[in-house]
>>> print(open('entry-v3.txt').read())   # compact mmCIF, C-alpha atoms (C1' of nucleotides)
# COMPACT_ATOMS: atom_id res chain seq x y z
CA MET A 1 -94.80 173.35 44.20
CA PRO A 2 -95.09 172.30 47.84
CA ASP A 3 -96.81 169.13 46.79
CA ALA A 4 -97.61 168.16 50.36
CA PHE A 5 -100.60 170.48 50.13
CA ARG A 6 -103.43 168.60 51.79
CA LEU A 7 -106.83 170.13 51.29
CA SER A 8 -108.15 168.36 54.39
CA ALA A 9 -105.55 170.13 56.51
CA PHE A 10 -106.15 173.54 54.95
CA LEU A 11 -107.92 175.85 57.37
CA PRO A 12 -110.24 177.64 54.94
CA TYR A 13 -111.37 174.31 53.53
CA ARG A 14 -111.96 172.80 56.95
CA LEU A 15 -113.97 175.79 58.01
CA ALA A 16 -116.06 175.62 54.86
CA VAL A 17 -116.77 171.93 55.25
CA LEU A 18 -117.77 172.15 58.90
CA SER A 19 -119.81 175.28 58.37
CA GLU A 20 -121.74 173.81 55.48
CA ARG A 21 -122.41 170.60 57.33
CA VAL A 22 -123.70 172.45 60.38
CA SER A 23 -125.78 174.77 58.22
CA ARG A 24 -127.39 171.87 56.41
CA ARG A 25 -128.20 170.10 59.62
CA LEU A 26 -129.77 173.21 61.02
CA ALA A 27 -131.64 173.94 57.81
CA ALA A 28 -133.17 170.48 58.01
CA GLU A 29 -135.08 171.73 61.04
CA TYR A 30 -136.73 174.81 59.61
CA GLU A 31 -136.90 173.64 56.03
CA ARG A 32 -138.77 170.44 56.64
CA SER A 33 -141.14 171.82 59.26
CA HIS A 34 -141.83 175.27 57.83
CA GLY A 35 -140.39 175.34 54.32
CA LEU A 36 -138.00 178.16 55.15
CA SER A 37 -134.74 178.97 53.41
CA VAL A 38 -131.60 180.09 55.18
CA ALA A 39 -132.29 183.69 54.25
CA GLU A 40 -135.84 183.52 55.55
CA TRP A 41 -134.68 181.96 58.80
CA ARG A 42 -132.15 184.71 59.36
CA VAL A 43 -134.68 187.42 58.60
CA LEU A 44 -137.18 186.01 61.07
CA VAL A 45 -134.60 185.73 63.81
CA HIS A 46 -133.37 189.24 63.21
CA LEU A 47 -136.88 190.64 63.31
CA SER A 48 -137.60 188.91 66.59
CA ARG A 49 -134.84 190.94 68.17
CA CYS A 50 -135.00 194.20 66.29
CA GLY A 51 -138.68 194.77 65.71
CA ALA A 52 -139.58 196.85 62.67
CA VAL A 53 -136.59 197.41 60.42
CA SER A 54 -135.76 198.15 56.80
CA VAL A 55 -134.41 195.85 54.11
CA ARG A 56 -131.14 197.67 54.34
CA ASP A 57 -130.90 197.13 58.09
CA ILE A 58 -131.42 193.39 57.64
CA HIS A 59 -128.92 193.35 54.80
CA ILE A 60 -126.28 194.96 56.96
CA CYS A 61 -126.95 192.96 60.11
CA VAL A 62 -127.31 189.37 58.96
CA ASN A 63 -124.82 189.02 56.12
CA LEU A 64 -127.25 188.68 53.26
CA GLU A 65 -127.10 190.54 49.96
CA LYS A 66 -129.81 193.12 49.45
CA PRO A 67 -131.72 191.30 46.69
CA ARG A 68 -131.71 188.17 48.76
CA VAL A 69 -133.24 189.97 51.70
CA SER A 70 -135.82 191.60 49.45
CA ARG A 71 -136.90 188.24 48.06
CA ALA A 72 -136.87 186.50 51.41
CA VAL A 73 -139.09 189.21 52.84
CA ALA A 74 -141.41 188.98 49.85
CA ARG A 75 -141.86 185.24 50.35
CA LEU A 76 -142.32 185.62 54.07
CA GLU A 77 -144.94 188.27 53.48
CA ALA A 78 -146.72 186.06 50.95
CA ASN A 79 -146.86 183.37 53.64
CA GLY A 80 -148.12 185.79 56.24
CA LEU A 81 -145.14 185.53 58.56
CA VAL A 82 -144.08 189.12 58.06
CA GLN A 83 -145.71 192.43 57.26
CA LYS A 84 -144.34 195.37 55.32
CA ILE A 85 -145.50 198.81 56.29
CA PRO A 86 -144.46 201.65 53.97
CA GLY A 87 -142.27 204.11 55.81
CA THR A 88 -144.07 207.09 57.25
CA SER A 89 -141.34 209.68 57.55
CA ASP A 90 -139.20 208.35 54.71
CA GLY A 91 -141.13 207.06 51.73
CA ARG A 92 -138.29 204.86 50.56
CA LEU A 93 -137.93 202.84 53.71
CA VAL A 94 -140.15 199.89 54.49
CA ALA A 95 -140.82 198.82 58.05
CA ILE A 96 -140.70 195.04 58.19
CA SER A 97 -141.93 193.23 61.27
CA LEU A 98 -143.16 189.84 62.42
CA THR A 99 -146.84 189.00 62.33
CA GLU A 100 -148.48 186.85 64.94
CA ALA A 101 -148.03 183.87 62.63
CA GLY A 102 -144.39 184.74 62.18
CA THR A 103 -143.81 184.94 65.90
CA ALA A 104 -145.60 181.63 66.35
CA ALA A 105 -143.58 179.93 63.63
CA LEU A 106 -140.37 181.19 65.12
CA ALA A 107 -141.41 179.96 68.56
CA GLU A 108 -141.82 176.51 67.05
CA ILE A 109 -138.46 176.52 65.34
CA VAL A 110 -136.19 178.17 67.88
CA PRO A 111 -136.15 175.30 70.39
CA ALA A 112 -135.07 172.86 67.68
CA ALA A 113 -132.41 175.27 66.50
CA LEU A 114 -131.11 175.76 70.02
CA ALA A 115 -131.11 172.00 70.48
CA VAL A 116 -128.85 171.56 67.47
CA GLU A 117 -126.53 174.20 68.82
CA ALA A 118 -126.65 172.74 72.33
CA ARG A 119 -125.51 169.38 71.02
CA LEU A 120 -122.55 171.05 69.31
CA ARG A 121 -121.69 173.09 72.37
CA GLY A 122 -122.15 170.11 74.64
CA ALA A 123 -119.48 168.11 72.88
CA VAL A 124 -116.67 170.25 74.27
CA SER A 125 -115.71 171.78 77.59
CA ARG A 126 -116.65 175.29 78.47
CA GLU A 127 -113.01 176.38 78.27
CA ASP A 128 -112.47 174.81 74.88
CA LEU A 129 -115.60 176.43 73.56
CA ALA A 130 -114.44 179.79 74.86
CA THR A 131 -111.10 179.26 73.15
CA PHE A 132 -112.90 178.28 69.97
CA CYS A 133 -114.91 181.48 69.95
CA ARG A 134 -111.85 183.53 70.77
CA VAL A 135 -109.96 182.00 67.84
CA MET A 136 -112.86 182.77 65.52
CA GLU A 137 -112.78 186.34 66.75
CA ARG A 138 -109.05 186.59 66.13
CA MET A 139 -109.44 185.32 62.61
CA HIS A 140 -112.07 187.95 62.02
CA ALA A 141 -109.63 190.50 63.38
CA VAL A 142 -107.04 189.37 60.84
CA LEU A 143 -109.54 189.96 58.06
CA ASP A 144 -110.56 193.28 59.56
CA ASP A 145 -106.99 194.43 58.99
CA ASP A 146 -106.90 193.03 55.46
CA PRO A 147 -108.00 195.57 52.84
CA GLN A 148 -108.69 192.71 50.42
CA ALA A 149 -111.27 191.15 52.73
CA LYS A 150 -114.90 192.16 52.84
CA PRO A 151 -115.64 194.31 55.88
CA ARG A 152 -117.44 192.64 58.72
CA SER A 153 -121.13 193.24 59.34
CA ARG A 154 -121.89 195.72 62.04
CA MET A 155 -123.86 193.41 64.27
CA ASP A 156 -121.28 190.64 64.28
CA LEU A 157 -118.96 192.89 66.23
CA GLU A 158 -121.00 193.13 69.39
CA GLY A 159 -121.29 189.82 71.16
CA LEU A 160 -118.54 187.80 72.71
CA ASP A 161 -120.06 185.64 75.37
CA SER A 162 -119.82 182.12 76.78
CA MET B 1 -140.50 182.72 72.32
CA PRO B 2 -137.06 182.99 73.96
CA ASP B 3 -136.71 186.45 72.53
CA ALA B 4 -133.12 186.76 73.66
CA PHE B 5 -132.16 184.79 70.56
CA ARG B 6 -129.16 186.63 69.18
CA LEU B 7 -128.11 185.56 65.73
CA SER B 8 -124.61 186.91 66.28
CA ALA B 9 -124.19 184.57 69.25
CA PHE B 10 -125.58 181.53 67.46
CA LEU B 11 -122.86 179.07 66.65
CA PRO B 12 -124.04 177.92 63.21
CA TYR B 13 -124.40 181.52 62.12
CA ARG B 14 -120.99 182.51 63.43
CA LEU B 15 -119.40 179.58 61.68
CA ALA B 16 -121.14 180.46 58.44
CA VAL B 17 -120.09 184.10 58.59
CA LEU B 18 -116.45 183.38 59.35
CA SER B 19 -116.24 180.59 56.81
CA GLU B 20 -117.71 182.70 54.05
CA ARG B 21 -115.47 185.61 54.85
CA VAL B 22 -112.37 183.44 54.81
CA SER B 23 -113.48 181.71 51.62
CA ARG B 24 -114.02 184.99 49.85
CA ARG B 25 -110.67 186.30 50.94
CA LEU B 26 -108.97 183.16 49.68
CA ALA B 27 -110.95 183.15 46.46
CA ALA B 28 -109.73 186.66 45.78
CA GLU B 29 -106.28 185.13 45.31
CA TYR B 30 -107.04 182.51 42.70
CA GLU B 31 -109.96 184.24 41.10
CA ARG B 32 -108.26 187.48 40.24
CA SER B 33 -104.95 185.94 39.19
CA HIS B 34 -106.19 182.84 37.38
CA GLY B 35 -109.95 183.17 37.01
CA LEU B 36 -110.63 180.04 39.00
CA SER B 37 -113.79 179.20 40.91
CA VAL B 38 -113.84 177.52 44.29
CA ALA B 39 -114.66 174.19 42.67
CA GLU B 40 -111.82 174.51 40.19
CA TRP B 41 -109.39 175.41 42.95
CA ARG B 42 -110.37 172.37 44.98
CA VAL B 43 -110.09 170.08 41.99
CA LEU B 44 -106.61 171.33 41.17
CA VAL B 45 -105.41 170.90 44.74
CA HIS B 46 -106.86 167.43 44.95
CA LEU B 47 -105.22 166.38 41.72
CA SER B 48 -101.85 167.65 42.89
CA ARG B 49 -101.97 165.11 45.68
CA CYS B 50 -103.84 162.21 44.16
CA GLY B 51 -102.63 162.11 40.59
CA ALA B 52 -105.06 160.64 38.06
CA VAL B 53 -108.50 160.16 39.53
CA SER B 54 -112.13 159.91 38.45
CA VAL B 55 -114.90 162.47 38.78
CA ARG B 56 -116.47 160.31 41.42
CA ASP B 57 -113.26 160.25 43.46
CA ILE B 58 -113.06 164.04 43.41
CA HIS B 59 -116.73 164.29 44.26
CA ILE B 60 -116.25 162.10 47.32
CA CYS B 61 -113.00 163.62 48.51
CA VAL B 62 -113.49 167.38 48.27
CA ASN B 63 -117.13 167.92 49.16
CA LEU B 64 -118.42 168.95 45.76
CA GLU B 65 -121.54 167.63 44.07
CA LYS B 66 -120.96 165.47 41.05
CA PRO B 67 -122.27 167.89 38.43
CA ARG B 68 -120.18 170.63 39.89
CA VAL B 69 -117.05 168.52 39.63
CA SER B 70 -117.93 167.55 36.09
CA ARG B 71 -118.32 171.17 35.04
CA ALA B 72 -115.24 172.34 36.90
CA VAL B 73 -113.17 169.66 35.19
CA ALA B 74 -114.65 170.60 31.83
CA ARG B 75 -113.65 174.23 32.27
CA LEU B 76 -110.22 173.32 33.53
CA GLU B 77 -109.73 171.07 30.54
CA ALA B 78 -110.87 173.81 28.18
CA ASN B 79 -108.22 176.04 29.73
CA GLY B 80 -105.56 173.38 29.43
CA LEU B 81 -104.94 172.97 33.14
CA VAL B 82 -106.20 169.42 33.24
CA GLN B 83 -106.42 166.44 30.94
CA LYS B 84 -109.05 163.74 30.77
CA ILE B 85 -107.94 160.31 29.63
CA PRO B 86 -110.70 157.78 28.99
CA GLY B 87 -110.37 154.85 31.33
CA THR B 88 -108.55 151.86 29.92
CA SER B 89 -109.87 149.00 32.03
CA ASP B 90 -113.24 150.56 32.80
CA GLY B 91 -114.79 152.51 29.94
CA ARG B 92 -116.96 154.55 32.26
CA LEU B 93 -114.18 155.98 34.35
CA VAL B 94 -112.17 158.99 33.27
CA ALA B 95 -108.65 159.56 34.53
CA ILE B 96 -108.26 163.24 35.30
CA SER B 97 -104.82 164.67 35.95
CA LEU B 98 -102.92 167.93 35.96
CA THR B 99 -101.16 169.14 32.84
CA GLU B 100 -97.88 170.99 32.96
CA ALA B 101 -99.84 174.22 32.77
CA GLY B 102 -102.05 173.08 35.59
CA THR B 103 -99.10 172.24 37.77
CA ALA B 104 -97.55 175.60 36.97
CA ALA B 105 -100.73 177.51 37.75
CA LEU B 106 -101.07 175.72 41.04
CA ALA B 107 -97.48 176.47 41.92
CA GLU B 108 -98.26 180.14 41.42
CA ILE B 109 -101.37 180.08 43.56
CA VAL B 110 -100.38 177.83 46.44
CA PRO B 111 -97.95 180.24 48.09
CA ALA B 112 -100.59 182.96 48.20
CA ALA B 113 -103.13 180.52 49.57
CA LEU B 114 -100.73 179.36 52.24
CA ALA B 115 -99.96 182.97 53.08
CA VAL B 116 -103.62 183.67 53.74
CA GLU B 117 -103.81 180.62 55.94
CA ALA B 118 -100.57 181.52 57.69
CA ARG B 119 -101.93 184.90 58.65
CA LEU B 120 -104.99 183.28 60.16
CA ARG B 121 -102.93 180.68 62.00
CA GLY B 122 -100.44 183.27 63.12
CA ALA B 123 -103.05 185.26 64.98
CA VAL B 124 -103.38 182.66 67.71
CA SER B 125 -101.10 180.54 69.84
CA ARG B 126 -100.22 177.02 68.86
CA GLU B 127 -102.23 175.63 71.75
CA ASP B 128 -105.31 177.67 70.93
CA LEU B 129 -105.12 176.61 67.32
CA ALA B 130 -104.86 172.99 68.38
CA THR B 131 -107.90 173.44 70.59
CA PHE B 132 -109.71 175.11 67.72
CA CYS B 133 -109.09 172.15 65.45
CA ARG B 134 -110.04 169.71 68.18
CA VAL B 135 -113.35 171.50 68.71
CA MET B 136 -114.06 171.41 64.98
CA GLU B 137 -113.37 167.71 65.05
CA ARG B 138 -115.73 167.18 67.98
CA MET B 139 -118.49 169.05 66.22
CA HIS B 140 -117.98 166.82 63.22
CA ALA B 141 -118.23 163.85 65.57
CA VAL B 142 -121.58 165.12 66.85
CA LEU B 143 -122.86 165.24 63.29
CA ASP B 144 -121.38 161.84 62.56
CA ASP B 145 -123.71 160.45 65.22
CA ASP B 146 -126.68 162.39 63.89
CA PRO B 147 -128.69 160.44 61.32
CA GLN B 148 -130.19 163.70 60.05
CA ALA B 149 -126.79 165.11 59.13
CA LYS B 150 -125.06 164.46 55.86
CA PRO B 151 -122.27 161.90 56.26
CA ARG B 152 -118.75 163.24 56.26
CA SER B 153 -116.52 162.90 53.23
CA ARG B 154 -114.04 160.13 53.39
CA MET B 155 -110.92 162.23 53.09
CA ASP B 156 -111.88 164.70 55.79
CA LEU B 157 -111.52 161.95 58.38
CA GLU B 158 -107.81 161.42 58.02
CA GLY B 159 -105.79 164.39 59.14
CA LEU B 160 -105.54 165.93 62.57
CA ASP B 161 -102.25 167.73 62.71
CA SER B 162 -100.75 170.90 64.10
C1' DC C 1 -123.95 134.28 26.08
C1' DC C 2 -127.26 137.80 27.68
C1' DT C 3 -130.00 140.17 30.57
C1' DG C 4 -131.26 142.99 34.79
C1' DG C 5 -129.36 145.97 37.95
C1' DA C 6 -125.66 148.93 39.40
C1' DT C 7 -122.24 152.56 38.57
C1' DC C 8 -120.09 156.42 36.06
C1' DG C 9 -120.07 160.91 33.84
C1' DT C 10 -122.89 164.21 31.61
C1' DT C 11 -126.89 166.84 30.68
C1' DT C 12 -131.46 168.80 31.52
C1' DC C 13 -134.29 171.74 33.95
C1' DA C 14 -136.08 174.60 37.27
C1' DA C 15 -134.67 177.39 41.10
C1' DT C 16 -131.38 180.43 43.27
C1' DT C 17 -127.86 183.74 43.11
C1' DG C 18 -125.69 188.49 42.98
C1' DA C 19 -124.05 192.44 40.10
C1' DA C 20 -125.90 195.96 37.77
C1' DA C 21 -129.84 198.58 36.27
C1' DT C 22 -134.18 200.70 37.51
C1' DG C 23 -137.67 203.56 39.63
C1' DA C 24 -138.92 206.07 43.50
C1' DT C 25 -137.88 209.13 47.16
C1' DA C 26 -134.99 212.17 49.92
C1' DT C 27 -131.50 215.77 50.73
C1' DG C 28 -128.23 219.47 50.20
C1' DG C 29 -126.66 223.38 47.62
C1' DA C 30 -127.30 226.90 44.01
C1' DT D 1 -137.60 226.68 44.29
C1' DC D 2 -135.08 223.57 41.51
C1' DC D 3 -131.69 220.51 40.29
C1' DA D 4 -127.84 217.19 41.17
C1' DT D 5 -126.61 213.57 43.92
C1' DA D 6 -127.43 209.96 47.19
C1' DT D 7 -130.12 206.32 49.18
C1' DC D 8 -133.68 202.65 49.31
C1' DA D 9 -136.09 198.63 47.58
C1' DT D 10 -137.01 196.03 43.65
C1' DT D 11 -136.25 194.01 39.26
C1' DT D 12 -133.54 192.39 35.35
C1' DC D 13 -130.36 189.40 33.52
C1' DA D 14 -126.87 186.22 33.01
C1' DA D 15 -124.44 182.73 35.52
C1' DT D 16 -124.41 179.05 38.94
C1' DT D 17 -126.53 175.47 41.39
C1' DG D 18 -128.10 170.61 42.47
C1' DA D 19 -131.77 167.00 41.96
C1' DA D 20 -133.24 164.12 38.72
C1' DA D 21 -133.00 162.10 34.19
C1' DC D 22 -130.07 160.26 30.83
C1' DG D 23 -127.02 157.31 27.96
C1' DA D 24 -123.11 154.43 28.36
C1' DT D 25 -120.60 150.83 30.48
C1' DC D 26 -119.78 147.14 33.72
C1' DC D 27 -120.90 142.93 36.22
C1' DA D 28 -123.32 139.02 38.38
C1' DG D 29 -126.56 135.28 37.87
C1' DG D 30 -128.98 132.43 35.07
>>> encode(input="entry-v3.txt", output="structure tokens")
Amino acid sequence: MPDAFRLSAFLPYRLAVLSERVSRRLAAEYERSHGLSVAEWRVLVHLSRCGAVSVRDIHICVNLEKPRVSRAVARLEANGLVQKIPGTSDGRLVAISLTEAGTAALAEIVPAALAVEARLRGAVSREDLATFCRVMERMHAVLDDDPQAKPRSRMDLEGLDS
Amino acid sequence: MPDAFRLSAFLPYRLAVLSERVSRRLAAEYERSHGLSVAEWRVLVHLSRCGAVSVRDIHICVNLEKPRVSRAVARLEANGLVQKIPGTSDGRLVAISLTEAGTAALAEIVPAALAVEARLRGAVSREDLATFCRVMERMHAVLDDDPQAKPRSRMDLEGLDS
DNA sequence: CCTGGATCGTTTCAATTGAAATGATATGGA
DNA sequence: TCCATATCATTTCAATTGAAACGATCCAGG
């Protein structure tokens, strides 16, 4: 065995550690102030952009399993942040959208979330950050070509910006 | 609300998505061939470098909660990949180390794991990869200065290499 | 000694998770 | 029209998770 295998130098491990640490730090913002879970946070953000959408649409766009979306939406609805309107044309679909309270809650959280991100972005130069994003994109591309990897979510393919 | 909030452009989200995708792809290697979980994989790798260590040492070094380490070790022991020797000097400590079978299993998995990593690394230039790692390190540094973030594991502070 | 507090590993318990099953609705072809 | 198949959202169920509780062991100060 190549016994010089150092976990702390192994790319997948490093990614996982950083990602989890960032996620936890971010979650501290919306969990403490509004009692939201990661899934609920993602649903709210998605709804703020995409208006009234189905469970399936959320599932596909924000990398959450269908049951997880369903439960997140149920809790959000119970807390009045979201409303579910039975589909009109298609009886199976449910149109999920933000309520006033949901929009208000999101407006309270977003600045804090952007602040966390801004601190991360601010720690490196614009060029380095661009390189960082480009490398992430290339790694995704590697997995896109790998039949053993899970396909990428539709929405994660669109944006490559500063 | 800044309604131009795009989840797919939000750094924590992008990190989470890439990290999970990479993790799953890697897990496919050791899960299918040896039925290992992420925790078990990390424990094995750590043991291959650090010889006989305690549960607490693993917990601190590889970013796994104590109960998770305890259970991973228990399963690994049940499968004969690991042995637990009660501490001699300190009766509380347990010396956990690889068995022959454990070493053999790891030797089978490591090449595949390194191959996955090599494909990711190979998709970008050496300079870009160096920048990528440097940016990850800077983001860690931001969290190191943030009292609301979980402290970094000891072992993740050591290596910054190519 | 021996006793109070700290540390170690495990276990308990409640909550979360996702794969698979379910029920409900839609759609295309006979 | 009617049935087979597909799709949507939810629910079931078994497994995993981590915080807290637990028993066991160590150690420092009296």
>>> calpha_fit_and_write(input="entry-v3.txt", fixed="chain A", moving="chain B", output="compact mmCIF listing (two decimals) with C-alpha atoms, keeping the file's coordinate frame")
# COMPACT_ATOMS: atom_id res chain seq x y z
CA MET B 1 -94.86 173.02 44.03
CA PRO B 2 -95.11 172.16 47.74
CA ASP B 3 -96.86 168.95 46.83
CA ALA B 4 -97.62 168.12 50.43
CA PHE B 5 -100.60 170.47 50.16
CA ARG B 6 -103.42 168.60 51.84
CA LEU B 7 -106.83 170.10 51.34
CA SER B 8 -108.15 168.36 54.43
CA ALA B 9 -105.54 170.13 56.54
CA PHE B 10 -106.14 173.54 54.99
CA LEU B 11 -107.91 175.83 57.39
CA PRO B 12 -110.23 177.63 54.95
CA TYR B 13 -111.36 174.30 53.56
CA ARG B 14 -111.95 172.79 56.98
CA LEU B 15 -113.95 175.80 58.03
CA ALA B 16 -116.03 175.62 54.87
CA VAL B 17 -116.76 171.93 55.27
CA LEU B 18 -117.77 172.16 58.92
CA SER B 19 -119.81 175.29 58.38
CA GLU B 20 -121.72 173.81 55.48
CA ARG B 21 -122.38 170.60 57.34
CA VAL B 22 -123.69 172.45 60.37
CA SER B 23 -125.77 174.77 58.21
CA ARG B 24 -127.38 171.88 56.39
CA ARG B 25 -128.16 170.10 59.61
CA LEU B 26 -129.77 173.22 61.01
CA ALA B 27 -131.63 173.94 57.80
CA ALA B 28 -133.14 170.49 57.99
CA GLU B 29 -135.06 171.74 61.03
CA TYR B 30 -136.72 174.81 59.58
CA GLU B 31 -136.88 173.64 56.02
CA ARG B 32 -138.76 170.44 56.58
CA SER B 33 -141.11 171.80 59.23
CA HIS B 34 -141.80 175.26 57.81
CA GLY B 35 -140.35 175.35 54.31
CA LEU B 36 -137.99 178.17 55.14
CA SER B 37 -134.72 178.99 53.40
CA VAL B 38 -131.59 180.10 55.18
CA ALA B 39 -132.29 183.71 54.26
CA GLU B 40 -135.84 183.53 55.54
CA TRP B 41 -134.69 181.96 58.79
CA ARG B 42 -132.15 184.72 59.36
CA VAL B 43 -134.67 187.42 58.59
CA LEU B 44 -137.18 185.99 61.05
CA VAL B 45 -134.60 185.72 63.81
CA HIS B 46 -133.38 189.24 63.20
CA LEU B 47 -136.88 190.63 63.31
CA SER B 48 -137.60 188.87 66.59
CA ARG B 49 -134.87 190.93 68.18
CA CYS B 50 -135.01 194.20 66.31
CA GLY B 51 -138.70 194.76 65.74
CA ALA B 52 -139.60 196.85 62.68
CA VAL B 53 -136.62 197.41 60.44
CA SER B 54 -135.80 198.18 56.81
CA VAL B 55 -134.43 195.87 54.14
CA ARG B 56 -131.17 197.72 54.33
CA ASP B 57 -130.92 197.14 58.09
CA ILE B 58 -131.43 193.41 57.63
CA HIS B 59 -128.95 193.38 54.78
CA ILE B 60 -126.30 194.99 56.96
CA CYS B 61 -126.97 192.99 60.10
CA VAL B 62 -127.30 189.38 58.96
CA ASN B 63 -124.83 189.06 56.11
CA LEU B 64 -127.28 188.72 53.25
CA GLU B 65 -127.13 190.59 49.96
CA LYS B 66 -129.84 193.14 49.42
CA PRO B 67 -131.73 191.31 46.67
CA ARG B 68 -131.72 188.18 48.73
CA VAL B 69 -133.24 190.00 51.68
CA SER B 70 -135.82 191.61 49.44
CA ARG B 71 -136.90 188.26 48.03
CA ALA B 72 -136.86 186.52 51.39
CA VAL B 73 -139.09 189.23 52.83
CA ALA B 74 -141.40 188.99 49.84
CA ARG B 75 -141.85 185.25 50.33
CA LEU B 76 -142.30 185.62 54.05
CA GLU B 77 -144.93 188.26 53.46
CA ALA B 78 -146.71 186.06 50.94
CA ASN B 79 -146.84 183.37 53.61
CA GLY B 80 -148.12 185.77 56.22
CA LEU B 81 -145.14 185.52 58.54
CA VAL B 82 -144.11 189.11 58.05
CA GLN B 83 -145.72 192.43 57.28
CA LYS B 84 -144.34 195.36 55.34
CA ILE B 85 -145.54 198.81 56.33
CA PRO B 86 -144.53 201.66 54.04
CA GLY B 87 -142.36 204.13 55.88
CA THR B 88 -144.18 207.12 57.30
CA SER B 89 -141.43 209.71 57.58
CA ASP B 90 -139.29 208.38 54.74
CA GLY B 91 -141.23 207.07 51.76
CA ARG B 92 -138.36 204.90 50.61
CA LEU B 93 -138.01 202.90 53.77
CA VAL B 94 -140.21 199.92 54.54
CA ALA B 95 -140.85 198.82 58.10
CA ILE B 96 -140.72 195.04 58.20
CA SER B 97 -141.94 193.21 61.27
CA LEU B 98 -143.16 189.82 62.41
CA THR B 99 -146.84 188.97 62.31
CA GLU B 100 -148.49 186.82 64.93
CA ALA B 101 -148.03 183.86 62.61
CA GLY B 102 -144.40 184.74 62.17
CA THR B 103 -143.83 184.93 65.88
CA ALA B 104 -145.60 181.61 66.33
CA ALA B 105 -143.58 179.91 63.61
CA LEU B 106 -140.37 181.17 65.12
CA ALA B 107 -141.40 179.95 68.53
CA GLU B 108 -141.81 176.50 67.03
CA ILE B 109 -138.45 176.51 65.32
CA VAL B 110 -136.20 178.16 67.87
CA PRO B 111 -136.15 175.29 70.36
CA ALA B 112 -135.06 172.86 67.67
CA ALA B 113 -132.41 175.28 66.48
CA LEU B 114 -131.12 175.75 70.00
CA ALA B 115 -131.10 172.00 70.47
CA VAL B 116 -128.84 171.56 67.47
CA GLU B 117 -126.53 174.21 68.81
CA ALA B 118 -126.65 172.74 72.30
CA ARG B 119 -125.49 169.39 71.02
CA LEU B 120 -122.55 171.03 69.30
CA ARG B 121 -121.68 173.09 72.37
CA GLY B 122 -122.14 170.13 74.64
CA ALA B 123 -119.46 168.12 72.90
CA VAL B 124 -116.67 170.27 74.29
CA SER B 125 -115.70 171.79 77.61
CA ARG B 126 -116.64 175.32 78.49
CA GLU B 127 -113.02 176.41 78.29
CA ASP B 128 -112.45 174.83 74.90
CA LEU B 129 -115.59 176.44 73.57
CA ALA B 130 -114.44 179.80 74.87
CA THR B 131 -111.10 179.29 73.16
CA PHE B 132 -112.90 178.29 69.99
CA CYS B 133 -114.89 181.50 69.96
CA ARG B 134 -111.82 183.55 70.78
CA VAL B 135 -109.94 182.02 67.85
CA MET B 136 -112.84 182.78 65.53
CA GLU B 137 -112.76 186.34 66.75
CA ARG B 138 -109.02 186.61 66.13
CA MET B 139 -109.41 185.32 62.61
CA HIS B 140 -112.06 187.95 62.03
CA ALA B 141 -109.60 190.51 63.38
CA VAL B 142 -107.00 189.38 60.84
CA LEU B 143 -109.50 189.96 58.06
CA ASP B 144 -110.52 193.27 59.56
CA ASP B 145 -106.95 194.43 58.98
CA ASP B 146 -106.87 193.02 55.46
CA PRO B 147 -107.96 195.55 52.84
CA GLN B 148 -108.67 192.69 50.42
CA ALA B 149 -111.24 191.13 52.73
CA LYS B 150 -114.85 192.13 52.84
CA PRO B 151 -115.60 194.32 55.87
CA ARG B 152 -117.41 192.66 58.72
CA SER B 153 -121.09 193.27 59.32
CA ARG B 154 -121.87 195.73 62.01
CA MET B 155 -123.83 193.42 64.25
CA ASP B 156 -121.26 190.65 64.26
CA LEU B 157 -118.90 192.90 66.22
CA GLU B 158 -120.94 193.12 69.37
CA GLY B 159 -121.22 189.83 71.17
CA LEU B 160 -118.50 187.74 72.73
CA ASP B 161 -120.13 185.63 75.37
CA SER B 162 -119.94 182.15 76.81
>>> residues_around(input="entry-v3.txt", residues="Asn63 of chain B", least_positions_apart="5", cutoff="9 Å", atoms="all atoms listed in the file", output="PyMOL selection string")
(chain A and resi 17) or (chain B and resi 58+152-153)
>>> closest_residue(input="entry-v3.txt", among="D:DC2, D:DA15, D:DA9, D:DA28", to="chain A", atoms="all atoms listed in the file")
D:DA9
>>> closest_residue(input="entry-v3.txt", among="A:Pro111, A:Pro67, A:Pro12, A:Gly35", to="chain D", atoms="all atoms listed in the file")
A:Pro67
>>> residues_around(input="entry-v3.txt", residues="DA21 of chain C", least_positions_apart="5", cutoff="10 Å", atoms="all atoms listed in the file", output="list in words")
DT11, DT12 and DC13 of chain D
